[in-house]
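The file run-v3.cif contains mmCIF, C-alpha atoms; chains and numbers go by the auth columns:
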data_run
#
loop_
_atom_site.group_PDB
_atom_site.id
_atom_site.type_symbol
_atom_site.label_atom_id
_atom_site.label_comp_id
_atom_site.label_asym_id
_atom_site.label_seq_id
_atom_site.Cartn_x
_atom_site.Cartn_y
_atom_site.Cartn_z
_atom_site.B_iso_or_equiv
_atom_site.auth_seq_id
_atom_site.auth_asym_id
ATOM 1 C CA MET A 1 -60.338 -21.328 52.552 0.00 1 K
ATOM 2 C CA SER A 2 -60.634 -23.119 49.247 0.00 2 K
ATOM 3 C CA SER A 3 -62.390 -26.437 48.976 0.00 3 K
ATOM 4 C CA GLY A 4 -60.573 -29.672 48.165 0.00 4 K
ATOM 5 C CA ASN A 5 -61.657 -29.413 44.546 0.00 5 K
ATOM 6 C CA GLN A 6 -60.228 -25.916 44.249 0.00 6 K
ATOM 7 C CA LEU A 7 -57.012 -27.105 45.827 0.00 7 K
ATOM 8 C CA LYS A 8 -56.684 -29.836 43.230 0.00 8 K
ATOM 9 C CA THR A 9 -57.316 -27.411 40.402 0.00 9 K
ATOM 10 C CA ASP A 10 -54.639 -25.067 41.710 0.00 10 K
ATOM 11 C CA ASP A 11 -52.095 -27.867 42.080 0.00 11 K
ATOM 12 C CA GLN A 12 -52.661 -29.064 38.545 0.00 12 K
ATOM 13 C CA GLN A 13 -51.040 -25.875 37.304 0.00 13 K
ATOM 14 C CA GLY A 14 -47.715 -27.678 37.709 0.00 14 K
ATOM 15 C CA ASN A 15 -45.831 -30.375 39.578 0.00 15 K
ATOM 16 C CA GLY A 16 -44.217 -27.937 41.981 0.00 16 K
ATOM 17 C CA PRO A 17 -45.706 -26.425 45.137 0.00 17 K
ATOM 18 C CA ARG A 18 -46.912 -22.847 45.149 0.00 18 K
ATOM 19 C CA HIS A 19 -46.672 -22.385 48.926 0.00 19 K
ATOM 20 C CA VAL A 20 -44.000 -24.038 51.072 0.00 20 K
ATOM 21 C CA ALA A 21 -43.908 -23.854 54.870 0.00 21 K
ATOM 22 C CA ILE A 22 -40.808 -24.816 56.856 0.00 22 K
ATOM 23 C CA ILE A 23 -40.419 -25.751 60.512 0.00 23 K
ATOM 24 C CA MET A 24 -36.833 -24.658 61.058 0.00 24 K
ATOM 25 C CA ASP A 25 -35.519 -27.063 63.692 0.00 25 K
ATOM 26 C CA GLY A 26 -32.036 -27.946 64.893 0.00 26 K
ATOM 27 C CA ASN A 27 -30.243 -24.669 65.620 0.00 27 K
ATOM 28 C CA GLY A 28 -29.482 -25.622 69.212 0.00 28 K
ATOM 29 C CA ARG A 29 -28.226 -29.098 68.353 0.00 29 K
ATOM 30 C CA TRP A 30 -26.107 -27.682 65.540 0.00 30 K
ATOM 31 C CA ALA A 31 -24.443 -25.282 68.001 0.00 31 K
ATOM 32 C CA LYS A 32 -23.905 -28.079 70.531 0.00 32 K
ATOM 33 C CA ASN A 33 -22.273 -30.223 67.868 0.00 33 K
ATOM 34 C CA GLN A 34 -19.975 -27.300 67.077 0.00 34 K
ATOM 35 C CA GLY A 35 -19.160 -26.737 70.757 0.00 35 K
ATOM 36 C CA LYS A 36 -20.765 -23.293 70.608 0.00 36 K
ATOM 37 C CA LEU A 37 -23.509 -21.418 72.453 0.00 37 K
ATOM 38 C CA ARG A 38 -27.093 -21.910 71.265 0.00 38 K
ATOM 39 C CA ILE A 39 -27.284 -18.341 69.946 0.00 39 K
ATOM 40 C CA SER A 40 -24.519 -19.248 67.487 0.00 40 K
ATOM 41 C CA GLY A 41 -26.868 -21.836 66.041 0.00 41 K
ATOM 42 C CA HIS A 42 -29.617 -19.251 65.687 0.00 42 K
ATOM 43 C CA LYS A 43 -27.223 -16.876 63.921 0.00 43 K
ATOM 44 C CA ALA A 44 -26.189 -19.670 61.556 0.00 44 K
ATOM 45 C CA GLY A 45 -29.877 -20.322 61.014 0.00 45 K
ATOM 46 C CA VAL A 46 -30.338 -16.784 59.685 0.00 46 K
ATOM 47 C CA LYS A 47 -27.926 -17.649 56.867 0.00 47 K
ATOM 48 C CA SER A 48 -30.080 -20.656 56.028 0.00 48 K
ATOM 49 C CA VAL A 49 -33.140 -18.399 55.928 0.00 49 K
ATOM 50 C CA ARG A 50 -31.328 -16.223 53.407 0.00 50 K
ATOM 51 C CA ARG A 51 -30.508 -19.265 51.249 0.00 51 K
ATOM 52 C CA ALA A 52 -34.064 -20.589 51.463 0.00 52 K
ATOM 53 C CA VAL A 53 -35.581 -17.254 50.460 0.00 53 K
ATOM 54 C CA SER A 54 -33.179 -16.932 47.525 0.00 54 K
ATOM 55 C CA PHE A 55 -34.069 -20.468 46.407 0.00 55 K
ATOM 56 C CA ALA A 56 -37.794 -19.725 46.699 0.00 56 K
ATOM 57 C CA VAL A 57 -37.401 -16.582 44.583 0.00 57 K
ATOM 58 C CA SER A 58 -35.359 -18.418 41.947 0.00 58 K
ATOM 59 C CA ASN A 59 -37.937 -21.213 41.760 0.00 59 K
ATOM 60 C CA LYS A 60 -40.815 -18.735 41.559 0.00 60 K
ATOM 61 C CA LEU A 61 -42.754 -19.914 44.597 0.00 61 K
ATOM 62 C CA ASP A 62 -45.782 -17.816 45.448 0.00 62 K
ATOM 63 C CA ALA A 63 -45.173 -17.993 49.183 0.00 63 K
ATOM 64 C CA LEU A 64 -42.678 -19.241 51.749 0.00 64 K
ATOM 65 C CA THR A 65 -43.722 -19.433 55.400 0.00 65 K
ATOM 66 C CA LEU A 66 -41.039 -19.938 58.055 0.00 66 K
ATOM 67 C CA TYR A 67 -41.687 -20.940 61.668 0.00 67 K
ATOM 68 C CA ALA A 68 -39.262 -18.678 63.512 0.00 68 K
ATOM 69 C CA PHE A 69 -40.620 -18.394 67.062 0.00 69 K
ATOM 70 C CA SER A 70 -43.568 -20.319 68.453 0.00 70 K
ATOM 71 C CA SER A 71 -45.812 -19.178 71.285 0.00 71 K
ATOM 72 C CA GLU A 72 -44.272 -22.007 73.332 0.00 72 K
ATOM 73 C CA ASN A 73 -40.723 -20.713 72.818 0.00 73 K
ATOM 74 C CA TRP A 74 -41.218 -18.156 75.605 0.00 74 K
ATOM 75 C CA ASN A 75 -40.612 -21.104 77.953 0.00 75 K
ATOM 76 C CA ARG A 76 -36.958 -21.235 76.901 0.00 76 K
ATOM 77 C CA PRO A 77 -34.280 -19.694 79.172 0.00 77 K
ATOM 78 C CA GLN A 78 -34.727 -15.926 79.409 0.00 78 K
ATOM 79 C CA GLN A 79 -31.223 -15.219 78.137 0.00 79 K
ATOM 80 C CA GLU A 80 -31.877 -17.231 74.977 0.00 80 K
ATOM 81 C CA VAL A 81 -35.240 -15.522 74.402 0.00 81 K
ATOM 82 C CA LEU A 82 -33.675 -12.073 74.773 0.00 82 K
ATOM 83 C CA ALA A 83 -30.894 -13.029 72.379 0.00 83 K
ATOM 84 C CA LEU A 84 -33.474 -14.277 69.877 0.00 84 K
ATOM 85 C CA MET A 85 -35.377 -10.986 70.088 0.00 85 K
ATOM 86 C CA GLU A 86 -32.170 -9.032 69.446 0.00 86 K
ATOM 87 C CA LEU A 87 -31.369 -11.322 66.520 0.00 87 K
ATOM 88 C CA PHE A 88 -34.870 -10.794 65.129 0.00 88 K
ATOM 89 C CA VAL A 89 -34.428 -7.014 65.204 0.00 89 K
ATOM 90 C CA TRP A 90 -31.011 -7.290 63.575 0.00 90 K
ATOM 91 C CA ALA A 91 -32.281 -9.623 60.858 0.00 91 K
ATOM 92 C CA LEU A 92 -35.216 -7.343 60.044 0.00 92 K
ATOM 93 C CA ASP A 93 -33.000 -4.278 59.776 0.00 93 K
ATOM 94 C CA SER A 94 -30.242 -5.989 57.790 0.00 94 K
ATOM 95 C CA GLU A 95 -32.344 -8.073 55.388 0.00 95 K
ATOM 96 C CA VAL A 96 -35.376 -5.953 54.549 0.00 96 K
ATOM 97 C CA LYS A 97 -33.644 -3.810 51.914 0.00 97 K
ATOM 98 C CA SER A 98 -32.436 -6.920 50.092 0.00 98 K
ATOM 99 C CA LEU A 99 -35.933 -8.414 50.268 0.00 99 K
ATOM 100 C CA HIS A 100 -37.365 -5.219 48.845 0.00 100 K
ATOM 101 C CA LYS A 101 -34.775 -5.177 46.061 0.00 101 K
ATOM 102 C CA HIS A 102 -35.837 -8.679 45.031 0.00 102 K
ATOM 103 C CA ASN A 103 -39.559 -7.795 45.042 0.00 103 K
ATOM 104 C CA VAL A 104 -40.301 -9.911 48.149 0.00 104 K
ATOM 105 C CA ARG A 105 -43.298 -8.966 50.293 0.00 105 K
ATOM 106 C CA LEU A 106 -42.637 -9.574 53.992 0.00 106 K
ATOM 107 C CA LYS A 107 -45.393 -10.468 56.434 0.00 107 K
ATOM 108 C CA ILE A 108 -45.038 -11.301 60.120 0.00 108 K
ATOM 109 C CA ILE A 109 -47.793 -13.607 61.360 0.00 109 K
ATOM 110 C CA GLY A 110 -48.538 -14.251 65.008 0.00 110 K
ATOM 111 C CA ASP A 111 -49.378 -12.323 68.162 0.00 111 K
ATOM 112 C CA ILE A 112 -46.767 -9.580 67.905 0.00 112 K
ATOM 113 C CA GLY A 113 -48.355 -7.623 70.762 0.00 113 K
ATOM 114 C CA ARG A 114 -46.131 -9.473 73.235 0.00 114 K
ATOM 115 C CA PHE A 115 -42.971 -8.116 71.625 0.00 115 K
ATOM 116 C CA ASN A 116 -41.392 -4.898 72.882 0.00 116 K
ATOM 117 C CA THR A 117 -42.300 -1.644 71.149 0.00 117 K
ATOM 118 C CA HIS A 118 -38.954 -1.410 69.335 0.00 118 K
ATOM 119 C CA LEU A 119 -39.399 -4.823 67.717 0.00 119 K
ATOM 120 C CA GLN A 120 -43.012 -4.036 66.849 0.00 120 K
ATOM 121 C CA GLU A 121 -41.852 -0.840 65.129 0.00 121 K
ATOM 122 C CA CYS A 122 -39.180 -2.747 63.192 0.00 122 K
ATOM 123 C CA ILE A 123 -41.861 -5.167 62.018 0.00 123 K
ATOM 124 C CA ARG A 124 -44.158 -2.328 60.991 0.00 124 K
ATOM 125 C CA ARG A 125 -41.435 -0.569 58.987 0.00 125 K
ATOM 126 C CA ALA A 126 -40.324 -3.767 57.237 0.00 126 K
ATOM 127 C CA GLU A 127 -43.860 -4.724 56.250 0.00 127 K
ATOM 128 C CA GLU A 128 -44.637 -1.196 55.102 0.00 128 K
ATOM 129 C CA LEU A 129 -41.524 -1.001 52.906 0.00 129 K
ATOM 130 C CA THR A 130 -42.337 -4.243 51.083 0.00 130 K
ATOM 131 C CA GLN A 131 -46.141 -4.218 51.062 0.00 131 K
ATOM 132 C CA GLN A 132 -46.478 -3.270 47.383 0.00 132 K
ATOM 133 C CA ASN A 133 -44.082 -5.967 46.155 0.00 133 K
ATOM 134 C CA ASN A 134 -45.699 -8.702 44.072 0.00 134 K
ATOM 135 C CA GLY A 135 -43.033 -11.388 43.949 0.00 135 K
ATOM 136 C CA LEU A 136 -42.534 -13.995 46.658 0.00 136 K
ATOM 137 C CA THR A 137 -44.563 -13.491 49.828 0.00 137 K
ATOM 138 C CA LEU A 138 -42.312 -14.317 52.786 0.00 138 K
ATOM 139 C CA ASN A 139 -44.234 -15.033 55.977 0.00 139 K
ATOM 140 C CA ILE A 140 -42.310 -15.189 59.239 0.00 140 K
ATOM 141 C CA ALA A 141 -44.290 -16.869 62.009 0.00 141 K
ATOM 142 C CA ALA A 142 -43.237 -15.149 65.227 0.00 142 K
ATOM 143 C CA ASN A 143 -44.977 -15.742 68.552 0.00 143 K
ATOM 144 C CA TYR A 144 -47.278 -17.885 66.450 0.00 144 K
ATOM 145 C CA GLY A 145 -49.261 -20.968 67.368 0.00 145 K
ATOM 146 C CA GLY A 146 -51.820 -22.826 65.301 0.00 146 K
ATOM 147 C CA ARG A 147 -54.235 -23.052 68.225 0.00 147 K
ATOM 148 C CA TRP A 148 -53.857 -19.323 68.891 0.00 148 K
ATOM 149 C CA ASP A 149 -54.619 -18.651 65.221 0.00 149 K
ATOM 150 C CA ILE A 150 -57.849 -20.660 65.324 0.00 150 K
ATOM 151 C CA ILE A 151 -58.978 -19.235 68.675 0.00 151 K
ATOM 152 C CA HIS A 152 -58.302 -15.718 67.405 0.00 152 K
ATOM 153 C CA GLY A 153 -60.480 -16.440 64.375 0.00 153 K
ATOM 154 C CA VAL A 154 -63.253 -18.009 66.488 0.00 154 K
ATOM 155 C CA ARG A 155 -63.385 -14.882 68.632 0.00 155 K
ATOM 156 C CA LYS A 156 -63.960 -12.814 65.498 0.00 156 K
ATOM 157 C CA ILE A 157 -66.821 -15.133 64.516 0.00 157 K
ATOM 158 C CA ALA A 158 -68.263 -14.905 68.044 0.00 158 K
ATOM 159 C CA GLU A 159 -68.289 -11.102 67.767 0.00 159 K
ATOM 160 C CA GLN A 160 -70.248 -11.348 64.515 0.00 160 K
ATOM 161 C CA VAL A 161 -72.768 -13.674 66.158 0.00 161 K
ATOM 162 C CA GLN A 162 -73.057 -11.368 69.172 0.00 162 K
ATOM 163 C CA GLU A 163 -73.707 -8.404 66.892 0.00 163 K
ATOM 164 C CA GLY A 164 -76.409 -10.308 65.037 0.00 164 K
ATOM 165 C CA LEU A 165 -74.463 -10.372 61.764 0.00 165 K
ATOM 166 C CA LEU A 166 -74.203 -14.163 61.685 0.00 166 K
ATOM 167 C CA ARG A 167 -76.289 -17.038 63.034 0.00 167 K
ATOM 168 C CA PRO A 168 -74.509 -20.033 64.582 0.00 168 K
ATOM 169 C CA ASP A 169 -76.012 -22.335 61.953 0.00 169 K
ATOM 170 C CA GLN A 170 -74.475 -20.151 59.234 0.00 170 K
ATOM 171 C CA ILE A 171 -70.907 -20.774 60.406 0.00 171 K
ATOM 172 C CA GLU A 172 -68.968 -22.661 57.742 0.00 172 K
ATOM 173 C CA GLU A 173 -65.296 -23.081 56.809 0.00 173 K
ATOM 174 C CA GLU A 174 -65.691 -20.025 54.604 0.00 174 K
ATOM 175 C CA SER A 175 -66.845 -18.016 57.634 0.00 175 K
ATOM 176 C CA LEU A 176 -63.749 -18.740 59.699 0.00 176 K
ATOM 177 C CA ALA A 177 -61.043 -18.847 57.024 0.00 177 K
ATOM 178 C CA PRO A 178 -60.913 -15.064 56.363 0.00 178 K
ATOM 179 C CA HIS A 179 -60.026 -14.480 60.014 0.00 179 K
ATOM 180 C CA LEU A 180 -57.004 -16.797 59.993 0.00 180 K
ATOM 181 C CA CYS A 181 -53.402 -16.043 59.076 0.00 181 K
ATOM 182 C CA LEU A 182 -52.404 -16.540 55.419 0.00 182 K
ATOM 183 C CA ASN A 183 -56.043 -16.436 54.287 0.00 183 K
ATOM 184 C CA GLU A 184 -55.179 -14.336 51.228 0.00 184 K
ATOM 185 C CA LEU A 185 -52.532 -16.753 49.961 0.00 185 K
ATOM 186 C CA ALA A 186 -52.547 -20.032 48.077 0.00 186 K
ATOM 187 C CA PRO A 187 -52.990 -22.973 50.492 0.00 187 K
ATOM 188 C CA VAL A 188 -49.844 -24.572 51.900 0.00 188 K
ATOM 189 C CA ASP A 189 -48.797 -27.365 49.519 0.00 189 K
ATOM 190 C CA LEU A 190 -45.671 -28.632 51.238 0.00 190 K
ATOM 191 C CA VAL A 191 -44.451 -28.608 54.838 0.00 191 K
ATOM 192 C CA ILE A 192 -40.746 -29.253 55.420 0.00 192 K
ATOM 193 C CA ARG A 193 -39.368 -30.010 58.858 0.00 193 K
ATOM 194 C CA THR A 194 -35.644 -30.126 59.488 0.00 194 K
ATOM 195 C CA GLY A 195 -33.795 -31.603 62.449 0.00 195 K
ATOM 196 C CA GLY A 196 -35.104 -35.163 62.351 0.00 196 K
ATOM 197 C CA GLU A 197 -38.322 -34.635 64.329 0.00 197 K
ATOM 198 C CA HIS A 198 -41.623 -35.842 62.858 0.00 198 K
ATOM 199 C CA ARG A 199 -44.252 -33.588 64.412 0.00 199 K
ATOM 200 C CA ILE A 200 -46.138 -30.426 63.504 0.00 200 K
ATOM 201 C CA SER A 201 -45.478 -28.512 66.765 0.00 201 K
ATOM 202 C CA ASN A 202 -48.647 -26.372 66.657 0.00 202 K
ATOM 203 C CA PHE A 203 -47.772 -24.896 63.252 0.00 203 K
ATOM 204 C CA LEU A 204 -50.502 -23.807 60.805 0.00 204 K
ATOM 205 C CA LEU A 205 -52.985 -26.408 62.065 0.00 205 K
ATOM 206 C CA TRP A 206 -55.782 -25.186 59.786 0.00 206 K
ATOM 207 C CA GLN A 207 -53.690 -24.213 56.782 0.00 207 K
ATOM 208 C CA VAL A 208 -51.891 -27.550 56.270 0.00 208 K
ATOM 209 C CA ALA A 209 -55.039 -29.682 56.064 0.00 209 K
ATOM 210 C CA TYR A 210 -54.106 -31.007 52.599 0.00 210 K
ATOM 211 C CA ALA A 211 -50.378 -30.305 52.601 0.00 211 K
ATOM 212 C CA GLU A 212 -47.715 -32.884 51.878 0.00 212 K
ATOM 213 C CA PHE A 213 -45.071 -33.391 54.594 0.00 213 K
ATOM 214 C CA TRP A 214 -41.360 -33.946 54.066 0.00 214 K
ATOM 215 C CA PHE A 215 -38.914 -34.587 56.891 0.00 215 K
ATOM 216 C CA THR A 216 -35.134 -34.446 56.897 0.00 216 K
ATOM 217 C CA ASP A 217 -32.465 -35.139 59.515 0.00 217 K
ATOM 218 C CA THR A 218 -30.565 -32.085 58.247 0.00 218 K
ATOM 219 C CA LEU A 219 -30.255 -29.482 61.000 0.00 219 K
ATOM 220 C CA TRP A 220 -31.574 -26.080 59.978 0.00 220 K
ATOM 221 C CA PRO A 221 -28.164 -24.290 59.757 0.00 221 K
ATOM 222 C CA ASP A 222 -27.097 -26.967 57.242 0.00 222 K
ATOM 223 C CA PHE A 223 -30.262 -26.636 55.139 0.00 223 K
ATOM 224 C CA ASP A 224 -29.168 -25.525 51.680 0.00 224 K
ATOM 225 C CA GLU A 225 -30.370 -25.369 48.094 0.00 225 K
ATOM 226 C CA GLN A 226 -29.679 -29.062 47.489 0.00 226 K
ATOM 227 C CA VAL A 227 -31.809 -30.150 50.446 0.00 227 K
ATOM 228 C CA PHE A 228 -34.590 -27.747 49.426 0.00 228 K
ATOM 229 C CA GLU A 229 -34.480 -29.082 45.878 0.00 229 K
ATOM 230 C CA GLY A 230 -34.713 -32.631 47.220 0.00 230 K
ATOM 231 C CA ALA A 231 -37.925 -31.712 49.019 0.00 231 K
ATOM 232 C CA LEU A 232 -39.418 -30.223 45.852 0.00 232 K
ATOM 233 C CA ASN A 233 -38.416 -33.293 43.837 0.00 233 K
ATOM 234 C CA ALA A 234 -40.091 -35.565 46.398 0.00 234 K
ATOM 235 C CA PHE A 235 -43.223 -33.416 46.257 0.00 235 K
ATOM 236 C CA ALA A 236 -43.339 -33.696 42.469 0.00 236 K
ATOM 237 C CA GLN A 237 -43.444 -37.498 42.730 0.00 237 K
ATOM 238 C CA ARG A 238 -46.488 -37.585 44.996 0.00 238 K
ATOM 239 C CA GLU A 239 -50.069 -38.012 43.838 0.00 239 K
ATOM 240 C CA ARG A 240 -52.369 -35.575 45.617 0.00 240 K
ATOM 241 C CA ARG A 241 -56.020 -36.646 45.716 0.00 241 K
ATOM 242 C CA PHE A 242 -57.391 -34.268 48.398 0.00 242 K
ATOM 243 C CA GLY A 243 -59.693 -36.931 49.811 0.00 243 K
ATOM 244 C CA GLY A 244 -60.794 -38.216 46.413 0.00 244 K
ATOM 245 C CA ALA A 245 -60.366 -41.707 44.992 0.00 245 K
#

As a first step, turn the structure in this file into structure tokens.
Amino acid sequence: MSSGNQLKTDDQQGNGPRHVAIIMDGNGRWAKNQGKLRISGHKAGVKSVRRAVSFAVSNKLDALTLYAFSSENWNRPQQEVLALMELFVWALDSEVKSLHKHNVRLKIIGDIGRFNTHLQECIRRAEELTQQNNGLTLNIAANYGGRWDIIHGVRKIAEQVQEGLLRPDQIEEESLAPHLCLNELAPVDLVIRTGGEHRISNFLLWQVAYAEFWFTDTLWPDFDEQVFEGALNAFAQRERRFGGA
């Protein structure tokens, strides 16, 4: 993980963010407002994902990270979870060729071992197809939790200590960072949360240490290019000091 000084240097390359992360919230409420089932909101949300990715490509972002399914979402009704899994498979199969055509590299971050073998294979194929692309990196956080991410990294460090490769007093930020998700990407500059809630919900706890936050009441299915542009404009007006004076 880069230091605060490195973060500032990177940001000075321009007024826009390089890496945007979005907590996509409001699908269920959108469906309720429409008098529809919750899965209809999730399907409408896929269209918003498509718009957001297209906007990110057009605005030459380095990376876009979307919070699709948290580790806590397994607590939702089983029927909804199953429908979400089916929608995930469909979205991977239907969108990956378009992503590849537009030079987008797809990465799924999170503990995918809990998914069924068919979904895991869909993920593997999609990542493999796009792995050589060098345009936008699109990260989909699925069965992801920020605490899980950190614990997973700490276990890797513990193994190194156990094997005698690292002493406890040698453990620094730079020791842990390579074992966390998104470690090869530019730090997250901007976190957007839709749906009117003002919390982080266990998303990228390490990676957003110096990120700016922007909240909107817009429900995720209604999130469009104009709302996205508003977030980028707000970001451009902020002064980022990374702990400095």

Residues picked by the PyMOL selection byres ((chain K and resi 127) around 8) here, as a PDB file with C-alpha atoms, in the frame of the given file?
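out26.pdb, written as the output of this step:
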ATOM      1  CA  ARG K 105     -43.298  -8.966  50.293  1.00  0.00           C
ATOM      2  CA  LEU K 106     -42.637  -9.574  53.992  1.00  0.00           C
ATOM      3  CA  LYS K 107     -45.393 -10.468  56.434  1.00  0.00           C
ATOM      4  CA  ILE K 108     -45.038 -11.301  60.120  1.00  0.00           C
ATOM      5  CA  ILE K 123     -41.861  -5.167  62.018  1.00  0.00           C
ATOM      6  CA  ARG K 124     -44.158  -2.328  60.991  1.00  0.00           C
ATOM      7  CA  ARG K 125     -41.435  -0.569  58.987  1.00  0.00           C
ATOM      8  CA  ALA K 126     -40.324  -3.767  57.237  1.00  0.00           C
ATOM      9  CA  GLU K 128     -44.637  -1.196  55.102  1.00  0.00           C
ATOM     10  CA  LEU K 129     -41.524  -1.001  52.906  1.00  0.00           C
ATOM     11  CA  THR K 130     -42.337  -4.243  51.083  1.00  0.00           C
ATOM     12  CA  GLN K 131     -46.141  -4.218  51.062  1.00  0.00           C
TER      13      GLN K 131
END

Item to check | Selection result of the PyMOL selection byres ((chain K and resi 74) around 12) on this file, as a count of residues only | outcome: 22

Expressed in Å, the length from CA of Asp111 (chain K) to CA of Leu64 (chain K) is 19.0 Å

For this session: Identify, on the basis of all atoms listed in the file, every residue whose closest approach to region 190-198 of chain K does not exceed 9 Å; exclude the query and any residue fewer than 2 positions from it along the same chain; express the result as an NGL selection string.
Result: :K and (17-27 or 29 or 188 or 200 or 208 or 210-220 or 223 or 228 or 231-232 or 235)

Write the residues of the preceding selection, restricted to C-alpha atoms, as a PDB file, keeping the file's coordinate frame.
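What landed in result.pdb:
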ATOM      1  CA  PRO K  17     -45.706 -26.425  45.137  1.00  0.00           C
ATOM      2  CA  ARG K  18     -46.912 -22.847  45.149  1.00  0.00           C
ATOM      3  CA  HIS K  19     -46.672 -22.385  48.926  1.00  0.00           C
ATOM      4  CA  VAL K  20     -44.000 -24.038  51.072  1.00  0.00           C
ATOM      5  CA  ALA K  21     -43.908 -23.854  54.870  1.00  0.00           C
ATOM      6  CA  ILE K  22     -40.808 -24.816  56.856  1.00  0.00           C
ATOM      7  CA  ILE K  23     -40.419 -25.751  60.512  1.00  0.00           C
ATOM      8  CA  MET K  24     -36.833 -24.658  61.058  1.00  0.00           C
ATOM      9  CA  ASP K  25     -35.519 -27.063  63.692  1.00  0.00           C
ATOM     10  CA  GLY K  26     -32.036 -27.946  64.893  1.00  0.00           C
ATOM     11  CA  ASN K  27     -30.243 -24.669  65.620  1.00  0.00           C
ATOM     12  CA  ARG K  29     -28.226 -29.098  68.353  1.00  0.00           C
ATOM     13  CA  VAL K 188     -49.844 -24.572  51.900  1.00  0.00           C
ATOM     14  CA  ILE K 200     -46.138 -30.426  63.504  1.00  0.00           C
ATOM     15  CA  VAL K 208     -51.891 -27.550  56.270  1.00  0.00           C
ATOM     16  CA  TYR K 210     -54.106 -31.007  52.599  1.00  0.00           C
ATOM     17  CA  ALA K 211     -50.378 -30.305  52.601  1.00  0.00           C
ATOM     18  CA  GLU K 212     -47.715 -32.884  51.878  1.00  0.00           C
ATOM     19  CA  PHE K 213     -45.071 -33.391  54.594  1.00  0.00           C
ATOM     20  CA  TRP K 214     -41.360 -33.946  54.066  1.00  0.00           C
ATOM     21  CA  PHE K 215     -38.914 -34.587  56.891  1.00  0.00           C
ATOM     22  CA  THR K 216     -35.134 -34.446  56.897  1.00  0.00           C
ATOM     23  CA  ASP K 217     -32.465 -35.139  59.515  1.00  0.00           C
ATOM     24  CA  THR K 218     -30.565 -32.085  58.247  1.00  0.00           C
ATOM     25  CA  LEU K 219     -30.255 -29.482  61.000  1.00  0.00           C
ATOM     26  CA  TRP K 220     -31.574 -26.080  59.978  1.00  0.00           C
ATOM     27  CA  PHE K 223     -30.262 -26.636  55.139  1.00  0.00           C
ATOM     28  CA  PHE K 228     -34.590 -27.747  49.426  1.00  0.00           C
ATOM     29  CA  ALA K 231     -37.925 -31.712  49.019  1.00  0.00           C
ATOM     30  CA  LEU K 232     -39.418 -30.223  45.852  1.00  0.00           C
ATOM     31  CA  PHE K 235     -43.223 -33.416  46.257  1.00  0.00           C
TER      32      PHE K 235
END

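The gap separating CA of Phe203 (chain K) from CA of Trp90 (chain K) is 24.3 Å, in Å to one decimal.
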
Show me, as an mmCIF file with C-alpha atoms, in the coordinates of the input, the residues that have an atom within 10 Å of Asn133 (chain K) when counting all atoms listed in the file, minus same-chain residues fewer than 5 positions from it.
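Result file follows (around-v2.cif):
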data_model
loop_
_atom_site.group_PDB
_atom_site.id
_atom_site.type_symbol
_atom_site.label_atom_id
_atom_site.label_comp_id
_atom_site.auth_asym_id
_atom_site.auth_seq_id
_atom_site.Cartn_x
_atom_site.Cartn_y
_atom_site.Cartn_z
ATOM 1 C CA LEU K 99 -35.933 -8.414 50.268
ATOM 2 C CA HIS K 100 -37.365 -5.219 48.845
ATOM 3 C CA LYS K 101 -34.775 -5.177 46.061
ATOM 4 C CA HIS K 102 -35.837 -8.679 45.031
ATOM 5 C CA ASN K 103 -39.559 -7.795 45.042
ATOM 6 C CA VAL K 104 -40.301 -9.911 48.149
ATOM 7 C CA ARG K 105 -43.298 -8.966 50.293
ATOM 8 C CA LEU K 106 -42.637 -9.574 53.992
#

Counting all atoms listed in the file, what are the residues of region 74-164 of chain K within 8 Å of region 52-59 of chain K, and for each of them which pair of atoms is the nearest and at what distance in Å, to one decimal? Sort the table by chain and rising number, as a Markdown table.
| residue | atom | partner | partner_atom | distance |
| --- | --- | --- | --- | --- |
| K:Gly135 | CA | K:Val57 | CA | 7.7 |
| K:Leu136 | CA | K:Val57 | CA | 6.1 |
| K:Leu138 | CA | K:Val53 | CA | 7.7 |

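Neighbouring residues of Val46 (chain K) at 8 Å or closer, counting all atoms listed in the file and skipping chain neighbours under 3 positions away, are His42, Lys43, Val49, Arg50, Ala91 and Pro221 of chain K.
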
With C-alpha atoms retained, could you export that selection as a PDB file, keeping the file's coordinate frame?
ATOM      1  CA  HIS K  42     -29.617 -19.251  65.687  1.00  0.00           C
ATOM      2  CA  LYS K  43     -27.223 -16.876  63.921  1.00  0.00           C
ATOM      3  CA  VAL K  49     -33.140 -18.399  55.928  1.00  0.00           C
ATOM      4  CA  ARG K  50     -31.328 -16.223  53.407  1.00  0.00           C
ATOM      5  CA  ALA K  91     -32.281  -9.623  60.858  1.00  0.00           C
ATOM      6  CA  PRO K 221     -28.164 -24.290  59.757  1.00  0.00           C
TER       7      PRO K 221
END

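From CA of Leu165 (chain K) back to CA of Ile151 (chain K), the distance works out to 19.1 Å.
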
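For the point (-59.4, -20.2, 64.3), the residues with at least one atom inside 8 Å, counting all atoms listed in the file, are Arg147, Trp148, Asp149, Ile150, Ile151, His152, Gly153, Val154, Arg155, Leu176, Ala177, His179, Leu180 and Trp206 of chain K.
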